[in-house]
>>> print(open('start-v7.cif').read())   # mmCIF, C-alpha atoms and all ligand atoms
data_coords
loop_
_atom_site.label_atom_id
_atom_site.label_comp_id
_atom_site.auth_asym_id
_atom_site.auth_seq_id
_atom_site.Cartn_x
_atom_site.Cartn_y
_atom_site.Cartn_z
CA MET A 682 -3.97 331.70 153.46
CA ASP A 683 -6.15 331.54 156.57
CA ILE A 684 -3.78 332.81 159.28
CA GLU A 685 -6.41 332.52 162.01
CA SER A 686 -6.87 328.79 161.47
CA ILE A 687 -3.08 328.27 161.29
CA LYS A 688 -2.73 330.11 164.62
CA LYS A 689 -5.52 328.01 166.12
CA GLU A 690 -3.88 324.80 164.94
CA ARG A 691 -0.44 325.87 166.22
CA LYS A 692 -1.80 326.70 169.66
CA LEU A 693 -2.11 322.94 169.99
CA TRP A 694 1.68 322.65 169.57
CA LEU A 695 1.92 323.89 173.14
CA LYS A 696 0.35 320.58 174.14
CA TRP A 697 3.12 318.48 172.56
CA LYS A 698 4.50 315.93 175.00
CA ASN A 699 7.85 317.71 175.31
CA ILE A 700 6.21 321.14 175.72
CA ALA A 701 3.13 320.42 177.89
CA PRO A 702 5.21 319.70 181.06
CA LEU A 703 7.02 323.03 180.59
CA ARG A 704 3.70 324.87 180.25
CA GLU A 705 2.63 323.14 183.45
CA LEU A 706 5.74 324.50 185.21
CA LEU A 707 4.90 327.98 183.92
CA SER A 708 1.37 327.75 185.23
CA LYS A 709 2.78 327.35 188.75
CA LEU A 710 5.10 330.37 188.63
CA PRO A 711 4.75 332.60 191.67
CA ASP A 712 3.18 336.03 191.33
CA ILE A 713 6.00 338.43 192.03
CA THR A 714 5.91 342.07 191.06
CA ALA A 715 9.16 343.17 189.52
CA SER A 716 10.60 346.16 191.35
CA LYS A 717 13.10 346.87 188.57
CA ILE A 718 13.35 345.76 184.94
CA GLU A 719 16.59 346.56 183.15
CA LEU A 720 16.45 346.28 179.35
CA GLU A 721 20.20 346.50 178.84
CA ASP A 722 22.85 343.95 177.73
CA VAL A 723 21.38 341.64 180.35
CA VAL A 724 17.58 341.72 180.34
CA LYS A 725 17.23 341.76 184.10
CA ILE A 726 14.20 341.39 186.34
CA GLU A 727 14.57 342.15 190.02
CA GLY A 728 12.09 341.99 192.86
CA ASP A 729 11.23 340.79 196.30
CA ALA A 730 11.16 337.02 195.90
CA THR A 731 11.44 334.51 198.72
CA LYS A 732 14.20 331.87 198.74
CA LYS A 733 11.65 329.24 197.74
CA GLN A 734 10.34 331.35 194.86
CA ARG A 735 13.89 332.01 193.61
CA GLU A 736 14.62 328.28 193.71
CA TYR A 737 11.50 327.52 191.68
CA ILE A 738 12.40 330.15 189.08
CA ASN A 739 15.88 328.64 188.82
CA GLU A 740 14.37 325.18 188.35
CA VAL A 741 12.00 326.41 185.61
CA SER A 742 14.85 328.25 183.85
CA LEU A 743 16.89 325.05 183.75
CA ALA A 744 13.93 323.00 182.52
CA LEU A 745 13.51 325.42 179.61
CA ARG A 746 16.99 324.73 178.19
CA PRO A 747 18.50 325.13 175.64
CA TRP A 748 18.68 328.92 175.89
CA ARG A 749 20.21 330.01 172.58
CA LYS A 750 19.63 333.75 172.97
CA GLY A 751 20.07 336.07 175.91
CA PRO A 752 21.44 336.79 178.48
CA PHE A 753 18.65 337.21 181.01
CA GLU A 754 18.65 337.52 184.77
CA ILE A 755 15.42 336.67 186.50
CA PHE A 756 15.11 337.07 190.27
CA GLY A 757 18.75 336.11 190.78
CA THR A 758 19.02 333.33 188.15
CA PHE A 759 21.52 334.39 185.50
CA ILE A 760 20.69 332.70 182.17
CA ASP A 761 24.02 332.76 180.38
CA SER A 762 22.70 331.76 176.95
CA GLU A 763 24.87 330.20 174.21
CA TRP A 764 24.81 333.49 172.27
CA LYS A 765 25.61 336.87 173.73
CA SER A 766 22.80 338.40 171.70
CA ASN A 767 23.61 341.82 173.14
CA ILE A 768 26.54 341.96 170.69
CA LYS A 769 24.26 341.73 167.61
CA TYR A 770 21.63 344.00 169.14
CA ASN A 771 24.13 346.69 170.08
CA LEU A 772 25.73 346.55 166.64
CA LEU A 773 22.35 347.26 164.98
CA LYS A 774 20.93 349.64 167.60
CA LYS A 775 22.82 352.67 166.35
CA TYR A 776 21.10 352.39 162.94
CA PHE A 777 17.42 352.22 163.85
CA ASP A 778 14.79 354.45 165.35
CA LEU A 779 11.74 352.55 166.52
CA LYS A 780 9.88 355.35 168.31
CA GLY A 781 6.16 355.12 167.54
CA LYS A 782 6.73 352.45 164.89
CA SER A 783 5.09 349.09 164.19
CA VAL A 784 7.92 346.58 164.49
CA ALA A 785 8.16 342.88 163.62
CA ASP A 786 10.95 340.50 164.60
CA ILE A 787 10.79 337.50 162.28
CA GLY A 788 12.56 334.48 163.78
CA CYS A 789 12.43 336.19 167.17
CA ASN A 790 13.49 333.11 169.16
CA ASN A 791 12.80 333.79 172.87
CA GLY A 792 12.26 337.49 172.26
CA TYR A 793 15.57 338.82 173.63
CA TYR A 794 15.75 341.56 170.97
CA MET A 795 12.06 342.40 171.39
CA PHE A 796 12.53 342.94 175.13
CA ARG A 797 15.49 345.22 174.38
CA MET A 798 13.37 347.11 171.81
CA LEU A 799 10.76 348.04 174.43
CA LYS A 800 13.16 350.75 175.55
CA GLU A 801 12.95 352.40 172.14
CA LYS A 802 9.20 353.07 172.67
CA PRO A 803 7.79 351.51 169.49
CA LYS A 804 4.02 351.62 168.93
CA GLU A 805 3.89 347.82 168.89
CA ILE A 806 6.13 344.78 168.58
CA VAL A 807 5.13 341.51 166.99
CA GLY A 808 7.42 338.46 166.99
CA PHE A 809 7.11 335.51 164.60
CA ASP A 810 8.72 332.18 165.45
CA PRO A 811 7.27 328.71 164.94
CA SER A 812 9.07 327.15 167.92
CA PRO A 813 6.84 326.27 170.89
CA LEU A 814 9.92 325.94 173.13
CA PHE A 815 11.13 329.47 172.32
CA LYS A 816 7.59 330.79 172.78
CA THR A 817 7.53 329.12 176.19
CA GLN A 818 10.84 330.82 177.11
CA PHE A 819 9.29 334.12 175.96
CA ASP A 820 6.14 333.55 178.02
CA PHE A 821 8.30 332.79 181.07
CA ILE A 822 10.24 336.06 180.82
CA ASN A 823 7.20 338.08 179.82
CA ARG A 824 5.25 336.78 182.79
CA TYR A 825 7.34 339.23 184.83
CA VAL A 826 8.18 341.91 182.23
CA LYS A 827 4.41 342.12 181.53
CA SER A 828 4.93 343.72 178.11
CA ASP A 829 2.28 343.80 175.40
CA ILE A 830 4.61 342.22 172.83
CA VAL A 831 2.63 339.83 170.59
CA TYR A 832 4.33 336.46 169.95
CA GLU A 833 2.95 334.54 166.98
CA LEU A 834 3.80 330.87 166.44
CA LEU A 835 4.13 331.71 162.74
CA GLY A 836 6.93 331.69 160.17
CA VAL A 837 8.24 334.20 157.67
CA GLU A 838 6.08 332.44 155.07
CA HIS A 839 2.97 333.80 156.81
CA LEU A 840 4.08 337.43 156.81
CA PRO A 841 2.44 338.42 153.46
CA PHE A 842 -0.92 337.17 154.78
CA TYR A 843 -0.70 338.74 158.25
CA HIS A 844 -3.41 341.25 159.08
CA LYS A 845 -0.97 344.17 159.37
CA LYS A 846 2.10 345.64 157.68
CA PHE A 847 5.14 346.93 159.54
CA ASP A 848 7.35 350.04 159.52
CA VAL A 849 10.41 348.05 160.56
CA ILE A 850 11.06 344.34 160.12
CA PHE A 851 13.99 342.55 161.69
CA CYS A 852 14.87 339.21 160.15
CA LEU A 853 18.10 338.10 161.74
CA GLY A 854 19.75 334.75 161.26
CA VAL A 855 16.92 333.27 159.18
CA LEU A 856 17.84 333.72 155.48
CA TYR A 857 20.48 330.95 155.37
CA HIS A 858 17.90 328.49 156.70
CA ARG A 859 15.76 329.02 153.60
CA SER A 860 16.05 326.98 150.42
CA ASP A 861 14.31 329.87 148.64
CA PRO A 862 16.15 333.03 149.77
CA ILE A 863 14.75 335.33 147.07
CA VAL A 864 11.19 334.21 147.79
CA MET A 865 11.80 334.83 151.49
CA LEU A 866 13.05 338.35 150.74
CA LYS A 867 9.87 338.95 148.71
CA TRP A 868 7.79 337.90 151.72
CA LEU A 869 9.64 340.43 153.86
CA LYS A 870 8.91 343.12 151.28
CA GLN A 871 5.23 342.16 151.30
CA GLY A 872 5.16 342.54 155.08
CA LEU A 873 6.42 346.13 154.94
CA LYS A 874 4.57 349.44 154.81
CA LYS A 875 5.46 351.65 151.84
CA ASP A 876 8.39 353.47 153.46
CA GLY A 877 9.40 350.61 155.72
CA GLU A 878 12.82 349.13 156.26
CA VAL A 879 14.25 345.68 156.90
CA TYR A 880 17.26 344.82 159.07
CA LEU A 881 18.71 341.47 158.09
CA ASP A 882 21.82 339.47 158.79
CA THR A 883 23.12 336.31 157.22
CA PHE A 884 26.29 334.25 156.88
CA TYR A 885 28.41 335.36 153.92
CA ILE A 886 31.59 334.28 152.14
CA GLU A 887 34.35 336.60 150.95
CA GLY A 888 34.67 337.39 147.24
CA GLU A 889 33.71 339.98 144.63
CA GLU A 890 31.71 337.65 142.42
CA PRO A 891 27.94 337.22 142.85
CA ILE A 892 28.09 333.54 143.86
CA ALA A 893 26.94 331.42 146.82
CA LEU A 894 28.31 328.44 148.69
CA CYS A 895 25.82 325.57 148.77
CA PRO A 896 27.02 323.31 151.62
CA ALA A 897 26.74 319.55 151.07
CA LYS A 898 25.15 318.25 154.28
CA THR A 899 26.05 320.64 157.04
CA TYR A 900 27.73 324.02 157.45
CA SER A 901 29.43 324.54 160.81
CA LYS A 902 27.56 321.36 161.88
CA ILE A 903 24.21 323.06 161.17
CA SER A 904 22.11 320.87 158.91
CA ASN A 905 19.65 323.30 157.38
CA ILE A 906 21.99 325.88 155.84
CA HIS A 907 21.15 326.13 152.16
CA PHE A 908 23.10 329.07 150.71
CA VAL A 909 25.95 331.25 151.98
CA PRO A 910 26.31 334.11 149.48
CA THR A 911 28.99 336.70 148.82
CA VAL A 912 27.75 340.20 149.63
CA ALA A 913 27.46 340.81 145.86
CA ALA A 914 25.15 337.79 145.51
CA LEU A 915 23.09 338.89 148.53
CA LYS A 916 22.68 342.33 146.93
CA ASN A 917 21.42 340.71 143.74
CA TRP A 918 18.94 338.56 145.68
CA CYS A 919 17.62 341.67 147.46
CA GLU A 920 17.29 343.58 144.19
CA LYS A 921 15.49 340.65 142.56
CA ALA A 922 13.08 340.66 145.51
CA GLY A 923 12.29 344.33 144.86
CA PHE A 924 14.51 346.18 147.34
CA ASN A 925 16.07 349.20 145.64
CA SER A 926 18.21 350.24 148.56
CA PHE A 927 20.81 347.84 149.97
CA GLU A 928 23.16 349.18 152.64
CA VAL A 929 25.85 347.11 154.31
CA LEU A 930 25.94 348.17 157.97
CA ALA A 931 28.65 345.80 159.22
CA LYS A 932 30.52 342.59 158.52
CA LYS A 933 32.00 340.44 161.23
CA PRO A 934 33.16 336.90 162.00
CA THR A 935 31.41 334.99 164.78
CA THR A 936 33.76 334.93 167.76
CA PHE A 937 34.14 332.60 170.74
CA GLU A 938 33.10 335.56 172.86
CA GLU A 939 29.74 335.79 171.06
CA GLN A 940 28.86 332.07 170.75
CA ARG A 941 30.08 329.51 173.27
CA LYS A 942 29.05 326.54 175.31
CA THR A 943 27.50 327.34 178.69
CA ARG A 944 25.48 325.27 181.13
CA TRP A 945 22.34 326.79 179.58
CA ILE A 946 22.55 324.70 176.42
CA LEU A 947 22.82 320.95 176.22
CA GLY A 948 24.87 320.30 173.08
CA GLU A 949 27.96 321.64 171.33
CA SER A 950 28.86 325.20 170.35
CA LEU A 951 31.18 327.15 168.04
CA GLU A 952 34.35 325.58 169.42
CA GLU A 953 33.23 322.15 168.18
CA PHE A 954 31.97 323.57 164.87
CA LEU A 955 35.37 324.85 163.73
CA ASP A 956 38.44 322.96 162.55
CA LYS A 957 40.62 322.39 165.64
CA ASP A 958 43.81 323.13 163.68
CA ASN A 959 42.48 326.05 161.67
CA PRO A 960 39.69 328.17 163.19
CA ASN A 961 39.31 329.97 159.84
CA LEU A 962 37.57 326.84 158.58
CA THR A 963 34.49 324.94 159.73
CA VAL A 964 34.83 321.21 160.52
CA GLU A 965 33.51 320.59 156.98
CA GLY A 966 36.36 322.67 155.49
CA TYR A 967 34.20 325.68 154.53
CA PRO A 968 35.10 329.28 155.46
CA ALA A 969 34.27 329.86 159.16
CA PRO A 970 31.02 331.77 159.86
CA LYS A 971 31.02 335.49 159.16
CA ARG A 972 27.92 337.64 159.14
CA VAL A 973 26.89 340.63 157.11
CA TYR A 974 24.31 343.05 158.49
CA VAL A 975 22.23 345.00 155.99
CA ARG A 976 19.42 347.52 155.81
CA LEU A 977 16.94 347.18 152.95
CA LYS A 978 14.36 349.65 151.67
CA VAL A 979 11.95 349.49 148.80
CA GLY A 980 12.02 353.20 147.91
CA SER A 981 14.45 354.23 145.16
CA VAL A 982 18.15 354.78 146.05
C1 LIG B 1 19.50 331.17 163.99
S1 LIG B 1 18.06 331.53 164.91
C2 LIG B 1 18.12 333.32 164.89
C3 LIG B 1 17.47 333.93 166.09
C4 LIG B 1 17.55 335.45 166.18
N1 LIG B 1 16.74 336.08 165.16
C5 LIG B 1 18.96 335.93 166.10
O1 LIG B 1 19.38 336.44 165.08
O2 LIG B 1 19.69 335.82 167.09
C6 LIG B 1 16.77 331.16 163.76
C7 LIG B 1 15.35 331.34 164.33
O3 LIG B 1 14.42 331.18 163.27
C8 LIG B 1 13.31 330.46 163.77
N2 LIG B 1 12.59 329.87 162.63
C9 LIG B 1 12.52 328.57 162.22
N3 LIG B 1 11.70 328.48 161.15
C10 LIG B 1 11.25 329.73 160.88
C11 LIG B 1 10.35 330.27 159.93
N4 LIG B 1 9.76 329.50 159.02
N5 LIG B 1 10.11 331.61 159.95
C12 LIG B 1 10.70 332.39 160.87
N6 LIG B 1 11.55 331.93 161.81
C13 LIG B 1 11.81 330.63 161.82
C14 LIG B 1 13.94 329.44 164.72
O4 LIG B 1 12.99 328.90 165.61
C15 LIG B 1 15.01 330.31 165.39
O5 LIG B 1 14.50 330.96 166.52
#
>>> encode(input="start-v7.cif", output="structure tokens")
Amino acid sequence: MDIESIKKERKLWLKWKNIAPLRELLSKLPDITASKIELEDVVKIEGDATKKQREYINEVSLALRPWRKGPFEIFGTFIDSEWKSNIKYNLLKKYFDLKGKSVADIGCNNGYYMFRMLKEKPKEIVGFDPSPLFKTQFDFINRYVKSDIVYELLGVEHLPFYHKKFDVIFCLGVLYHRSDPIVMLKWLKQGLKKDGEVYLDTFYIEGEEPIALCPAKTYSKISNIHFVPTVAALKNWCEKAGFNSFEVLAKKPTTFEEQRKTRWILGESLEEFLDKDNPNLTVEGYPAPKRVYVRLKVGSV
């Protein structure tokens, strides 16, 4: 697979008619030097901006909706994203050490986790996500963070052909979008260095048996959810993909605190995805979303 020509071709996605006007807005962003950058629960950029500059930054932030991941605060504009991504990041943070490591975030969205990771002093961070809107959100934030994070408009399917391998790969919230979960896990393995590790989360269903729910049309009103496994089935998938070590780090239902409608998205959120009379079920009658967080290694157990 010729990654360089795919990257070249995808650069043109930034010229799509829904994206080009946003890139135009970005090109007119004021040059402001951040006096303080906080990489905490809120990724916050502060600095001496004039009233007019702050207003423009607010206008650009709104134009870049929907903001799924965050929160961010940029020169006074608080981007209260649909997801409080700090909850997932903080849950995982106690398990990893990124110091001096080559790190990839596959399905990185607008880069919220990658910005948080800068604090851990990795050698390098590379994000993969094929969404030109999320890349534009990333470019907006990074214009002021000025990090050397690399954002590739690529998908997990390109990882085996990428020019480098990684010590740590994050692949969060992507597996259930794949019709070929075992193949995807193999791609992650192929993207790893010999002693590398993968941090992954996915929806799961309760049960001891190694089985998976295969939703009819939608799951929690999301159309591209293919399989929701039990943890036992997920373990089998990971083993089939060549991971010998499978550790469950946490399991947790999605709460209204973590995912909710704010003015920074334009459609519905969790509240509309669950059965009004029974929040343990989705509107389709499936078990409500719960996530399992795992660490995978190739080396023997
Ligand atoms: C549910 S979001 C998860 C975002 C983030 N990783 C998290 O856990 O909060 C799924 C992300 O996968 C991205 N995505 C879509 N197709 C992809 C692909 N082929 N490879 C990698 N990521 C993809 C989407 O653009 C989106 O940002």
>>> axis_aligned_box(input="start-v7.cif", around="ligand LIG 1 (chain B)", padding_each_side="5 Å", output="AutoDock Vina command-line options")
--center_x 14.7 --center_y 332.5 --center_z 163.1 --size_x 19.9 --size_y 18.0 --size_z 18.1
>>> residues_near_ligand(input="start-v7.cif", ligand="ligand LIG 1 (chain B)", cutoff="10 Å", atoms="only C-alpha atoms and all ligand atoms", output="MDAnalysis selection string")
chainID A and resid 749:751 764:770 786:794 808:816 834:840 851:859 865 881:883 903
>>> atom_distance(input="start-v7.cif", atom1="CA of Arg691 (chain A)", atom2="CA of Ala785 (chain A)")
19.2 Å
>>> residues_around(input="start-v7.cif", residues="region 953-970 of chain A", least_positions_apart="6", cutoff="12 Å", atoms="all atoms listed in the file", output="NGL selection string")
:A and (854 or 857 or 883-888 or 894-904 or 906 or 909-911 or 932-937 or 939-942)
>>> atom_distance(input="start-v7.cif", atom1="CA of Asn925 (chain A)", atom2="CA of Lys846 (chain A)")
18.8 Å
>>> atom_distance(input="start-v7.cif", atom1="CA of Thr943 (chain A)", atom2="CA of Val723 (chain A)")
15.6 Å
>>> residues_near_point(input="start-v7.cif", point="(23.4, 335.2, 140.4)", cutoff="8 Å", atoms="all atoms listed in the file", output="list in words")
Pro891, Ile892, Ala914, Asn917 and Trp918 of chain A
>>> closest_residue(input="start-v7.cif", among="A:Lys696, A:Lys775, A:Arg824, A:Arg976", to="Ser708 (chain A)", atoms="all atoms listed in the file")
A:Arg824
>>> closest_residue(input="start-v7.cif", among="A:Ala893, A:Leu873, A:Glu833, A:Glu736", to="Lys688 (chain A)", atoms="all atoms listed in the file")
A:Glu833
>>> residues_around(input="start-v7.cif", residues="Val979 (chain A)", least_positions_apart="3", cutoff="9 Å", atoms="all atoms listed in the file", output="list in words")
Lys870, Leu873, Lys875, Asp876, Gly877, Glu878, Gly923, Phe924, Asn925, Ser926 and Val982 of chain A
>>> residues_near_point(input="start-v7.cif", point="(1.7, 323.6, 176.2)", cutoff="10 Å", atoms="all atoms listed in the file", output="ChimeraX atom specification")
/A:692-708,813-814,816-817
>>> closest_residue(input="start-v7.cif", among="A:Leu866, A:Ile760, A:Ile718, A:Ile684", to="Lys845 (chain A)", atoms="only C-alpha atoms")
A:Ile684
